[in-house]
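Undergrad: Below is a structure I'd like to ask you about.
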Amino acid sequence: MKIENLKKRIAMSLFGVITCAISVGIFKIAALGVDPFQSFMAGLDALVPIRFGTLYMITNAVMLLFALVFDRHYIGIATFINLFLLGYITQFTYEFLQTVIVEPSMIVRVICLVVGVVILCFGSAFYMTADLGVSTYDAIALIIVNTWKKGKFQYVRIITDLCCIALGIALFLLSGGAVLQIPTIVGVGTVITAFFMGPLIEVFNVHITRPILAKK
């Protein structure tokens with residue numbers, strides 16, 4: 001890989017992670033459900049009394065150890081960018097938006113959800129096209145399928161996502177959260193990210209990120 005190309009890929013990874021982190025902050029303002037892994041993080045965040053950025057880094061560091069032990073092939077520069085930056089940028093975005101969007105109405109929350117989904121897919125397209133490693137969570141399903149030869153990726157990913165959702169709900173309830181508040185972490189946003197992210201990411205891949213990477 002040429003130095004120029006590597007620099008471009010690193011820049012795309014950095015931009016992608018920052019954009020995804022901002023989108024998660026917007027999702028938290030919408031409070032209509034987040035993607036499966038973030039629903040687990042939301043439950044953990046409600047239970048563990050440390051700041052989200054630090055908690056995210058610790059959780060991902062534990063999963064990084066799993067990947068390093070069983071197959072470090074999926075770990076790259078982007079993995080560490082995600083590990084060290086995403087949680088803190090999400091925390092900053094959420095805290096900043098709370099000062100701007102105070103007690104949002106349902107219409108505002110829906111708008112935030114839509115904006116969050118689009119931004120998340122846009123950032124994911126940059127992150128994925130750069131191809132410099134995956135997140136520690138993504139690595140788990142890939143190792144189960146490709147290293148351990150257990151099942152097909154789409155089914156294994158569904159199982160890991162369902163486990164995250166179940167754990168997120170359990171941790172949220174253990175923290176004292178009310179049953180009626182569960183849709184704020186596992187709701188319509190969770191369904192949308194599960195079923196509609198793929199096609200939208202591909203649109204951004206075809207029309208934006210791949211042409212950027214190919215441009216000399």
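Residues in the structure tokens are named by chain (A, B, ... in the order shown) and by number from 1 within that chain; ligands are numbered from 1 in the order shown.
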If we count only C-alpha atoms and set the cut-off at 6 Å, which residues sit around region 36-52 of chain A, ignoring sequence neighbours fewer than 6 positions away in its own chain? Please answer as a PDB file with N, CA and C atoms, in the first residue's frame.

TA:
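The resulting file, result38.pdb, is reproduced below:
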ATOM      1  N   ASP A 161     -26.180  -9.405  18.156  1.00  0.00           N
ATOM      2  CA  ASP A 161     -26.991  -8.199  18.324  1.00  0.00           C
ATOM      3  C   ASP A 161     -28.104  -8.426  19.350  1.00  0.00           C
ATOM      4  N   CYS A 164     -26.688  -8.381  22.787  1.00  0.00           N
ATOM      5  CA  CYS A 164     -26.432  -7.000  23.223  1.00  0.00           C
ATOM      6  C   CYS A 164     -27.714  -6.322  23.689  1.00  0.00           C
ATOM      7  N   ILE A 165     -28.784  -6.527  22.927  1.00  0.00           N
ATOM      8  CA  ILE A 165     -30.069  -5.915  23.277  1.00  0.00           C
ATOM      9  C   ILE A 165     -30.579  -6.456  24.608  1.00  0.00           C
ATOM     10  N   LEU A 167     -28.839  -7.889  27.044  1.00  0.00           N
ATOM     11  CA  LEU A 167     -27.961  -7.425  28.126  1.00  0.00           C
ATOM     12  C   LEU A 167     -28.215  -5.956  28.437  1.00  0.00           C
ATOM     13  N   GLY A 168     -28.411  -5.156  27.380  1.00  0.00           N
ATOM     14  CA  GLY A 168     -28.681  -3.736  27.585  1.00  0.00           C
ATOM     15  C   GLY A 168     -29.929  -3.508  28.413  1.00  0.00           C
ATOM     16  N   LEU A 171     -29.314  -4.758  32.111  1.00  0.00           N
ATOM     17  CA  LEU A 171     -28.479  -3.821  32.869  1.00  0.00           C
ATOM     18  C   LEU A 171     -29.236  -2.535  33.184  1.00  0.00           C
ATOM     19  N   PHE A 172     -30.042  -2.087  32.217  1.00  0.00           N
ATOM     20  CA  PHE A 172     -30.846  -0.874  32.413  1.00  0.00           C
ATOM     21  C   PHE A 172     -31.836  -1.064  33.561  1.00  0.00           C
ATOM     22  N   SER A 175     -30.174  -1.136  36.920  1.00  0.00           N
ATOM     23  CA  SER A 175     -29.760   0.196  37.376  1.00  0.00           C
ATOM     24  C   SER A 175     -30.916   0.974  38.002  1.00  0.00           C
ATOM     25  N   ILE A 185     -33.732   3.138  24.865  1.00  0.00           N
ATOM     26  CA  ILE A 185     -32.466   2.507  24.475  1.00  0.00           C
ATOM     27  C   ILE A 185     -32.669   1.383  23.465  1.00  0.00           C
TER      28      ILE A 185
END

Undergrad: Considering only C-alpha atoms, return as number ranges by chain whatever protein or nucleic-acid residues lie within 12 Å of Ala30 (chain A), sequence-local ones (same chain, fewer than 3 positions apart) excluded.

TA: A: 23-27, 33-34, 94, 97-98, 101-117, 183-190

Undergrad: Just to confirm, what's the straight-line distance from CA of Val69 (chain A) to CA of Val134 (chain A) in Å (one decimal)?

TA: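 Between CA of Val69 (chain A) and CA of Val134 (chain A) the gap works out to 15.7 Å.
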
Undergrad: Taking 3 positions as the minimum chain separation for residues in the same chain, which residues sit within 9 Å of region 194-206 of chain A when counting only C-alpha atoms? Answer as a ChimeraX atom specification.

TA: /A:35-36,117-118,120-126,128-129,158,161,189-191,209-211

Undergrad: Go ahead and save the picked residues with C-alpha atoms, as a PDB file, in the first residue's frame.

TA:
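Ended up saving to selection06.pdb:
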ATOM      1  CA  ASP A  35     -28.068   0.253  17.502  1.00  0.00           C
ATOM      2  CA  PRO A  36     -27.682  -3.098  19.345  1.00  0.00           C
ATOM      3  CA  VAL A 117     -29.328   7.362  11.070  1.00  0.00           C
ATOM      4  CA  VAL A 118     -28.139   9.262   7.984  1.00  0.00           C
ATOM      5  CA  LEU A 120     -24.252   7.083  11.157  1.00  0.00           C
ATOM      6  CA  CYS A 121     -24.489   5.473   7.702  1.00  0.00           C
ATOM      7  CA  PHE A 122     -22.378   8.251   6.167  1.00  0.00           C
ATOM      8  CA  GLY A 123     -19.630   7.803   8.764  1.00  0.00           C
ATOM      9  CA  SER A 124     -19.813   4.007   8.554  1.00  0.00           C
ATOM     10  CA  ALA A 125     -19.273   4.166   4.789  1.00  0.00           C
ATOM     11  CA  PHE A 126     -15.988   6.075   5.273  1.00  0.00           C
ATOM     12  CA  MET A 128     -15.664   0.597   6.119  1.00  0.00           C
ATOM     13  CA  THR A 129     -14.228   1.764   2.799  1.00  0.00           C
ATOM     14  CA  ILE A 158     -28.164 -11.401  14.568  1.00  0.00           C
ATOM     15  CA  ASP A 161     -26.991  -8.199  18.324  1.00  0.00           C
ATOM     16  CA  GLY A 189     -34.112   3.377  16.255  1.00  0.00           C
ATOM     17  CA  THR A 190     -32.795  -0.104  17.034  1.00  0.00           C
ATOM     18  CA  VAL A 191     -35.063  -1.640  14.387  1.00  0.00           C
ATOM     19  CA  THR A 209     -16.462   6.937  -0.359  1.00  0.00           C
ATOM     20  CA  ARG A 210     -15.220   4.569  -3.075  1.00  0.00           C
ATOM     21  CA  PRO A 211     -14.781   7.390  -5.609  1.00  0.00           C
TER      22      PRO A 211
END

Undergrad: Run DSSP on the backbone and grab whatever in region 3-196 of chain A lands in helix (DSSP H, G or I); send it over as a VMD selection string.

TA: chain A and resid 3 to 30 36 to 47 52 to 70 72 to 74 77 to 100 106 to 130 136 to 147 153 to 174 179 to 184 188 to 196
